[in-house]
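Undergrad: Dropping the structure in here first, questions after.
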Amino acid sequence: MIIIGEKINGSIPSVGKAIANRDSDFIKELARIQAEAKSDYIDCCASVQEEKEVETLRWLIDCIQEVTDLPICIDSPYPRVCVEAMEFCNKPGIINSVSMEGDKIDVIFPKIADTEWDCIALLCGDSGIPKTVDERMEIFGQIMEKADEYGIDPSRLYIDPLVVTLSTDKDALLTFVECCRRIKRDYPDIHITSGLSNISYGLPKRKHINKAFLVLAMEAGMDSAILDPTDPDMLGIIYATNALLKKDDYCLNYIRAYRAGVLGK
């Protein structure tokens, strides 16, 4: 499981306050604890007005890179901001994200084509998130056509089939996992990722829904997630699920994680 640490996001009130106050120690600590928790990438989302975002991302990225050499996942809804922020990173990471909305994909794909940067691609377009599996897969086909046009190997893409709120759509999980299965069937080297929290929005004890979603999505082929890597219960579920899915020979990784004390109680 490729873990993208989610904690440096300006939409989180405490992080937004730290960004506004330029509290570098707070941001560095969030980066440090996520690196120590064995994240593969550190997501970096400013969540400020577009005109302030490039400067804010530069400050955030500098803070992160002072305490860890993990690659950055640049997280912005504005494609040109993502492209500018690439220059602040010491090594290639992930762009989060493109879709078939507007010109996002034609701004970002040419910039990463001849680099080692990867990219998250959302299965949505100008009309928002499609409701059916077939509609989402149609957008997936369009994204792959663009990837082929720009010479971007499927292994560099992280497809997010998009999960909606279970409380308003009873098919939220089933739609997501069917997309996962179809994508992995045709492109076994492609990555599938997701944020976990949308599925449980508006429900009590959200952590139970999030953890159940993680297990079922992993079984369907999801191999990456944007999550809190400092949550030992979530890490325990990831190690256990990998073992159950025959992705951990003799449960050795699970045992090592247990001995390292990262599996929670």
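Lettering and numbering for the structure tokens are positional, with chains as A, B, ... in the shown order, residues counted from 1 in each chain, and ligands counted from 1 in the shown order.
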Cys44 (chain A): which residues within 8 Å, counting only C-alpha atoms, same-chain residues fewer than 5 positions away excluded, as a PyMOL selection string?

TA: chain A and resi 6+8-9+57+60-61+72-75

Undergrad: Sorted by chain and rising residue number, which residues of region 7-43 of chain A lie within 12 Å of region 242-264 of chain A, and what are their closest atom pairs and distances in Å to one decimal, counting only C-alpha atoms, as a tab-separated table?

TA:
```
residue	atom	partner	partner_atom	distance
A:Glu36	CA	A:Val262	CA	10.7
A:Ala37	CA	A:Val262	CA	8.1
A:Lys38	CA	A:Val262	CA	9.9
```

Undergrad: Emit the selected residues as a PDB file, in the first residue's frame, including C-alpha atoms.

TA:
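Listed below is the output, selection_27.pdb:
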```pdb
ATOM      1  CA  GLU A  36       8.427   8.530  10.944  1.00  0.00           C
ATOM      2  CA  ALA A  37       5.129   6.695  10.396  1.00  0.00           C
ATOM      3  CA  LYS A  38       6.535   5.398   7.094  1.00  0.00           C
TER       4      LYS A  38
END
```

Undergrad: Choose the residue, out of A:Ile3, A:Ala20, A:Val164, A:Val133, that has the smallest atom-to-atom separation from Met234 (chain A); count only C-alpha atoms.

TA: A:Ile3

Undergrad: For Leu227 (chain A), which residue among A:Tyr41, A:Phe176, A:Tyr150, A:Trp59 is the nearest when counting only C-alpha atoms?

TA: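 With only C-alpha atoms as the atom set, the closest residue is A:Tyr41.
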
Undergrad: Write down as a ChimeraX atom specification the residues belonging to region 135-242 of chain A that are assigned alpha helix (DSSP H) by DSSP computed on the backbone.

TA: /A:135-149,172-186,206-220,232-242

Undergrad: Given only C-alpha atoms as the basis, pick out the residue of A:Ser99, A:Thr56, A:Thr132, A:Asn90 nearest to Trp117 (chain A).

TA: A:Asn90

Undergrad: Could you give me, as JSON lines, a per-residue list for region 47-138 of chain A showing, wherever an atom lies at most 10 Å from an atom of region 158-163 of chain A, the closest pair of atoms and their distance in Å to one decimal, using only C-alpha atoms and sorting by chain then residue number from low to high?

TA:
```
{"residue": "A:Ile94", "atom": "CA", "partner": "A:Tyr158", "partner_atom": "CA", "distance": 8.9}
{"residue": "A:Ile95", "atom": "CA", "partner": "A:Tyr158", "partner_atom": "CA", "distance": 9.6}
{"residue": "A:Asn96", "atom": "CA", "partner": "A:Tyr158", "partner_atom": "CA", "distance": 9.2}
{"residue": "A:Ser97", "atom": "CA", "partner": "A:Tyr158", "partner_atom": "CA", "distance": 9.2}
{"residue": "A:Val98", "atom": "CA", "partner": "A:Ile159", "partner_atom": "CA", "distance": 9.7}
{"residue": "A:Ser99", "atom": "CA", "partner": "A:Asp160", "partner_atom": "CA", "distance": 9.6}
{"residue": "A:Asp118", "atom": "CA", "partner": "A:Tyr158", "partner_atom": "CA", "distance": 7.6}
{"residue": "A:Cys119", "atom": "CA", "partner": "A:Tyr158", "partner_atom": "CA", "distance": 6.0}
{"residue": "A:Ile120", "atom": "CA", "partner": "A:Tyr158", "partner_atom": "CA", "distance": 4.4}
{"residue": "A:Ala121", "atom": "CA", "partner": "A:Ile159", "partner_atom": "CA", "distance": 4.9}
{"residue": "A:Leu122", "atom": "CA", "partner": "A:Asp160", "partner_atom": "CA", "distance": 4.8}
{"residue": "A:Leu123", "atom": "CA", "partner": "A:Pro161", "partner_atom": "CA", "distance": 5.3}
{"residue": "A:Cys124", "atom": "CA", "partner": "A:Leu162", "partner_atom": "CA", "distance": 8.1}
{"residue": "A:Ile129", "atom": "CA", "partner": "A:Leu162", "partner_atom": "CA", "distance": 7.5}
{"residue": "A:Pro130", "atom": "CA", "partner": "A:Leu162", "partner_atom": "CA", "distance": 9.3}
{"residue": "A:Val133", "atom": "CA", "partner": "A:Pro161", "partner_atom": "CA", "distance": 9.1}
{"residue": "A:Arg136", "atom": "CA", "partner": "A:Pro161", "partner_atom": "CA", "distance": 7.2}
{"residue": "A:Met137", "atom": "CA", "partner": "A:Pro161", "partner_atom": "CA", "distance": 8.7}
```

Undergrad: Could those residues be written to a file, using N, CA and C atoms, as a compact mmCIF listing (two decimals), in the first residue's frame?

TA:
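Writing the result to selection.txt gives the following:
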```
# COMPACT_ATOMS: atom_id res chain seq x y z
N ILE A 94 4.25 13.56 -6.72
CA ILE A 94 2.96 13.33 -7.35
C ILE A 94 2.22 14.65 -7.48
N ILE A 95 1.57 14.85 -8.63
CA ILE A 95 0.65 15.97 -8.81
C ILE A 95 -0.75 15.50 -8.45
N ASN A 96 -1.42 16.25 -7.61
CA ASN A 96 -2.78 15.92 -7.17
C ASN A 96 -3.69 17.13 -7.43
N SER A 97 -4.35 17.21 -8.61
CA SER A 97 -4.64 16.10 -9.50
C SER A 97 -5.05 16.67 -10.85
N VAL A 98 -5.29 15.75 -11.80
CA VAL A 98 -5.91 16.11 -13.07
C VAL A 98 -7.26 15.41 -13.17
N SER A 99 -8.03 15.82 -14.17
CA SER A 99 -9.30 15.17 -14.50
C SER A 99 -9.61 15.60 -15.93
N ASP A 118 4.77 11.57 -11.01
CA ASP A 118 3.53 10.81 -11.17
C ASP A 118 2.34 11.75 -11.02
N CYS A 119 1.14 11.22 -11.23
CA CYS A 119 -0.03 12.09 -11.22
C CYS A 119 -1.28 11.33 -10.78
N ILE A 120 -2.07 11.95 -9.92
CA ILE A 120 -3.39 11.43 -9.57
C ILE A 120 -4.40 11.95 -10.59
N ALA A 121 -5.24 11.07 -11.08
CA ALA A 121 -6.26 11.44 -12.07
C ALA A 121 -7.64 11.05 -11.55
N LEU A 122 -8.53 12.02 -11.48
CA LEU A 122 -9.88 11.81 -10.98
C LEU A 122 -10.83 11.47 -12.12
N LEU A 123 -11.74 10.54 -11.87
CA LEU A 123 -12.69 10.15 -12.92
C LEU A 123 -13.91 11.06 -12.90
N CYS A 124 -13.65 12.33 -13.24
CA CYS A 124 -14.74 13.30 -13.35
C CYS A 124 -14.41 14.27 -14.48
N ILE A 129 -18.99 14.53 -10.95
CA ILE A 129 -18.72 13.10 -10.76
C ILE A 129 -19.83 12.29 -11.41
N PRO A 130 -19.50 11.45 -12.39
CA PRO A 130 -20.53 10.61 -13.02
C PRO A 130 -21.13 9.64 -12.01
N VAL A 133 -20.89 3.43 -13.14
CA VAL A 133 -19.58 2.86 -13.44
C VAL A 133 -19.22 3.10 -14.89
N ARG A 136 -18.04 6.61 -15.54
CA ARG A 136 -16.70 6.87 -14.99
C ARG A 136 -15.64 6.18 -15.84
N MET A 137 -15.94 4.99 -16.32
CA MET A 137 -14.98 4.28 -17.15
C MET A 137 -14.80 4.96 -18.50
```

Undergrad: With only C-alpha atoms as the counted atoms, please give the residues lying no more than 12 Å from Ile199 (chain A), apart from itself and same-chain residues fewer than 4 positions off, as a PyMOL selection string.

TA: chain A and resi 162-176+194-195+203-204+206-214+217

Undergrad: Those same residues, written as a PDB file, in the first residue's frame with N, CA and C atoms?

TA:
```pdb
ATOM      1  N   LEU A 162     -13.195   7.980  -7.362  1.00  0.00           N
ATOM      2  CA  LEU A 162     -14.031   8.915  -6.604  1.00  0.00           C
ATOM      3  C   LEU A 162     -15.128   8.199  -5.829  1.00  0.00           C
ATOM      4  N   VAL A 163     -15.090   8.410  -4.542  1.00  0.00           N
ATOM      5  CA  VAL A 163     -16.099   7.823  -3.665  1.00  0.00           C
ATOM      6  C   VAL A 163     -16.994   8.945  -3.155  1.00  0.00           C
ATOM      7  N   VAL A 164     -18.291   8.725  -3.217  1.00  0.00           N
ATOM      8  CA  VAL A 164     -19.252   9.709  -2.718  1.00  0.00           C
ATOM      9  C   VAL A 164     -19.774   9.240  -1.363  1.00  0.00           C
ATOM     10  N   THR A 165     -20.614  10.040  -0.758  1.00  0.00           N
ATOM     11  CA  THR A 165     -21.066   9.788   0.606  1.00  0.00           C
ATOM     12  C   THR A 165     -22.082   8.654   0.666  1.00  0.00           C
ATOM     13  N   LEU A 166     -21.799   7.674   1.492  1.00  0.00           N
ATOM     14  CA  LEU A 166     -22.662   6.509   1.616  1.00  0.00           C
ATOM     15  C   LEU A 166     -24.064   6.884   2.099  1.00  0.00           C
ATOM     16  N   SER A 167     -24.174   7.890   2.949  1.00  0.00           N
ATOM     17  CA  SER A 167     -25.468   8.258   3.506  1.00  0.00           C
ATOM     18  C   SER A 167     -26.417   8.839   2.468  1.00  0.00           C
ATOM     19  N   THR A 168     -25.884   9.269   1.333  1.00  0.00           N
ATOM     20  CA  THR A 168     -26.733   9.810   0.266  1.00  0.00           C
ATOM     21  C   THR A 168     -26.757   8.933  -0.977  1.00  0.00           C
ATOM     22  N   ASP A 169     -25.896   7.922  -1.025  1.00  0.00           N
ATOM     23  CA  ASP A 169     -25.845   7.034  -2.191  1.00  0.00           C
ATOM     24  C   ASP A 169     -25.481   5.629  -1.717  1.00  0.00           C
ATOM     25  N   LYS A 170     -26.454   4.747  -1.674  1.00  0.00           N
ATOM     26  CA  LYS A 170     -26.219   3.395  -1.164  1.00  0.00           C
ATOM     27  C   LYS A 170     -25.249   2.604  -2.028  1.00  0.00           C
ATOM     28  N   ASP A 171     -25.041   3.044  -3.277  1.00  0.00           N
ATOM     29  CA  ASP A 171     -24.121   2.345  -4.183  1.00  0.00           C
ATOM     30  C   ASP A 171     -22.712   2.926  -4.159  1.00  0.00           C
ATOM     31  N   ALA A 172     -22.411   3.809  -3.203  1.00  0.00           N
ATOM     32  CA  ALA A 172     -21.129   4.513  -3.190  1.00  0.00           C
ATOM     33  C   ALA A 172     -19.948   3.553  -3.246  1.00  0.00           C
ATOM     34  N   LEU A 173     -19.925   2.579  -2.372  1.00  0.00           N
ATOM     35  CA  LEU A 173     -18.821   1.621  -2.356  1.00  0.00           C
ATOM     36  C   LEU A 173     -18.844   0.732  -3.586  1.00  0.00           C
ATOM     37  N   LEU A 174     -20.016   0.212  -3.939  1.00  0.00           N
ATOM     38  CA  LEU A 174     -20.104  -0.754  -5.033  1.00  0.00           C
ATOM     39  C   LEU A 174     -19.660  -0.131  -6.351  1.00  0.00           C
ATOM     40  N   THR A 175     -20.000   1.119  -6.569  1.00  0.00           N
ATOM     41  CA  THR A 175     -19.551   1.805  -7.780  1.00  0.00           C
ATOM     42  C   THR A 175     -18.043   1.947  -7.786  1.00  0.00           C
ATOM     43  N   PHE A 176     -17.498   2.338  -6.651  1.00  0.00           N
ATOM     44  CA  PHE A 176     -16.051   2.517  -6.539  1.00  0.00           C
ATOM     45  C   PHE A 176     -15.302   1.219  -6.821  1.00  0.00           C
ATOM     46  N   SER A 194      -7.323   6.795  -3.273  1.00  0.00           N
ATOM     47  CA  SER A 194      -8.538   7.466  -2.803  1.00  0.00           C
ATOM     48  C   SER A 194      -8.266   8.131  -1.469  1.00  0.00           C
ATOM     49  N   GLY A 195      -9.025   9.201  -1.196  1.00  0.00           N
ATOM     50  CA  GLY A 195      -9.166   9.672   0.167  1.00  0.00           C
ATOM     51  C   GLY A 195     -10.261   8.832   0.816  1.00  0.00           C
ATOM     52  N   LEU A 203     -22.087  10.637   8.868  1.00  0.00           N
ATOM     53  CA  LEU A 203     -22.449   9.451   9.659  1.00  0.00           C
ATOM     54  C   LEU A 203     -21.737   9.468  11.012  1.00  0.00           C
ATOM     55  N   PRO A 204     -22.325   8.844  12.037  1.00  0.00           N
ATOM     56  CA  PRO A 204     -21.645   8.755  13.332  1.00  0.00           C
ATOM     57  C   PRO A 204     -20.523   7.724  13.288  1.00  0.00           C
ATOM     58  N   ARG A 206     -17.457   7.705  12.267  1.00  0.00           N
ATOM     59  CA  ARG A 206     -17.015   7.618  10.876  1.00  0.00           C
ATOM     60  C   ARG A 206     -15.843   6.655  10.679  1.00  0.00           C
ATOM     61  N   LYS A 207     -15.022   6.501  11.706  1.00  0.00           N
ATOM     62  CA  LYS A 207     -13.828   5.663  11.551  1.00  0.00           C
ATOM     63  C   LYS A 207     -14.182   4.230  11.182  1.00  0.00           C
ATOM     64  N   HIS A 208     -15.327   3.734  11.637  1.00  0.00           N
ATOM     65  CA  HIS A 208     -15.709   2.360  11.314  1.00  0.00           C
ATOM     66  C   HIS A 208     -16.020   2.212   9.825  1.00  0.00           C
ATOM     67  N   ILE A 209     -16.724   3.183   9.275  1.00  0.00           N
ATOM     68  CA  ILE A 209     -17.035   3.171   7.842  1.00  0.00           C
ATOM     69  C   ILE A 209     -15.745   3.301   7.034  1.00  0.00           C
ATOM     70  N   ASN A 210     -14.877   4.209   7.448  1.00  0.00           N
ATOM     71  CA  ASN A 210     -13.628   4.420   6.711  1.00  0.00           C
ATOM     72  C   ASN A 210     -12.778   3.153   6.668  1.00  0.00           C
ATOM     73  N   LYS A 211     -12.694   2.443   7.789  1.00  0.00           N
ATOM     74  CA  LYS A 211     -11.860   1.242   7.845  1.00  0.00           C
ATOM     75  C   LYS A 211     -12.461   0.108   7.020  1.00  0.00           C
ATOM     76  N   ALA A 212     -13.784  -0.027   7.070  1.00  0.00           N
ATOM     77  CA  ALA A 212     -14.422  -1.060   6.249  1.00  0.00           C
ATOM     78  C   ALA A 212     -14.241  -0.754   4.765  1.00  0.00           C
ATOM     79  N   PHE A 213     -14.361   0.507   4.415  1.00  0.00           N
ATOM     80  CA  PHE A 213     -14.137   0.906   3.014  1.00  0.00           C
ATOM     81  C   PHE A 213     -12.715   0.571   2.580  1.00  0.00           C
ATOM     82  N   LEU A 214     -11.738   0.854   3.440  1.00  0.00           N
ATOM     83  CA  LEU A 214     -10.343   0.582   3.097  1.00  0.00           C
ATOM     84  C   LEU A 214     -10.137  -0.893   2.775  1.00  0.00           C
ATOM     85  N   ALA A 217     -11.954  -1.837  -0.549  1.00  0.00           N
ATOM     86  CA  ALA A 217     -11.310  -1.216  -1.705  1.00  0.00           C
ATOM     87  C   ALA A 217      -9.976  -1.880  -2.018  1.00  0.00           C
TER      88      ALA A 217
END
```

Undergrad: Measuring atom to atom with only C-alpha atoms, identify which of A:Ala240, A:Met100, A:Val177, A:Lys205 is nearest to Ile139 (chain A).

TA: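 Closest to Ile139 (chain A), using only C-alpha atoms: A:Met100.
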
Undergrad: Looking at A:Thr68, A:Ser127, A:Ser200, A:Ser155, which one is nearest to Asp40 (chain A), with distances taken over only C-alpha atoms?

TA: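 The answer is A:Thr68, which sits nearest to Asp40 (chain A).
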
Undergrad: With only C-alpha atoms as the atoms that count, which of A:Gln34, A:Ile238, A:Ser76, A:Met222 lies nearest to Lys52 (chain A)?

TA: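 The answer is A:Ser76, which sits nearest to Lys52 (chain A).
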
Undergrad: What separation in Å, quoted to one decimal, exists between CA of Ile19 (chain A) and CA of Lys104 (chain A)?

TA: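 Separation of CA of Ile19 (chain A) and CA of Lys104 (chain A): 26.0 Å.
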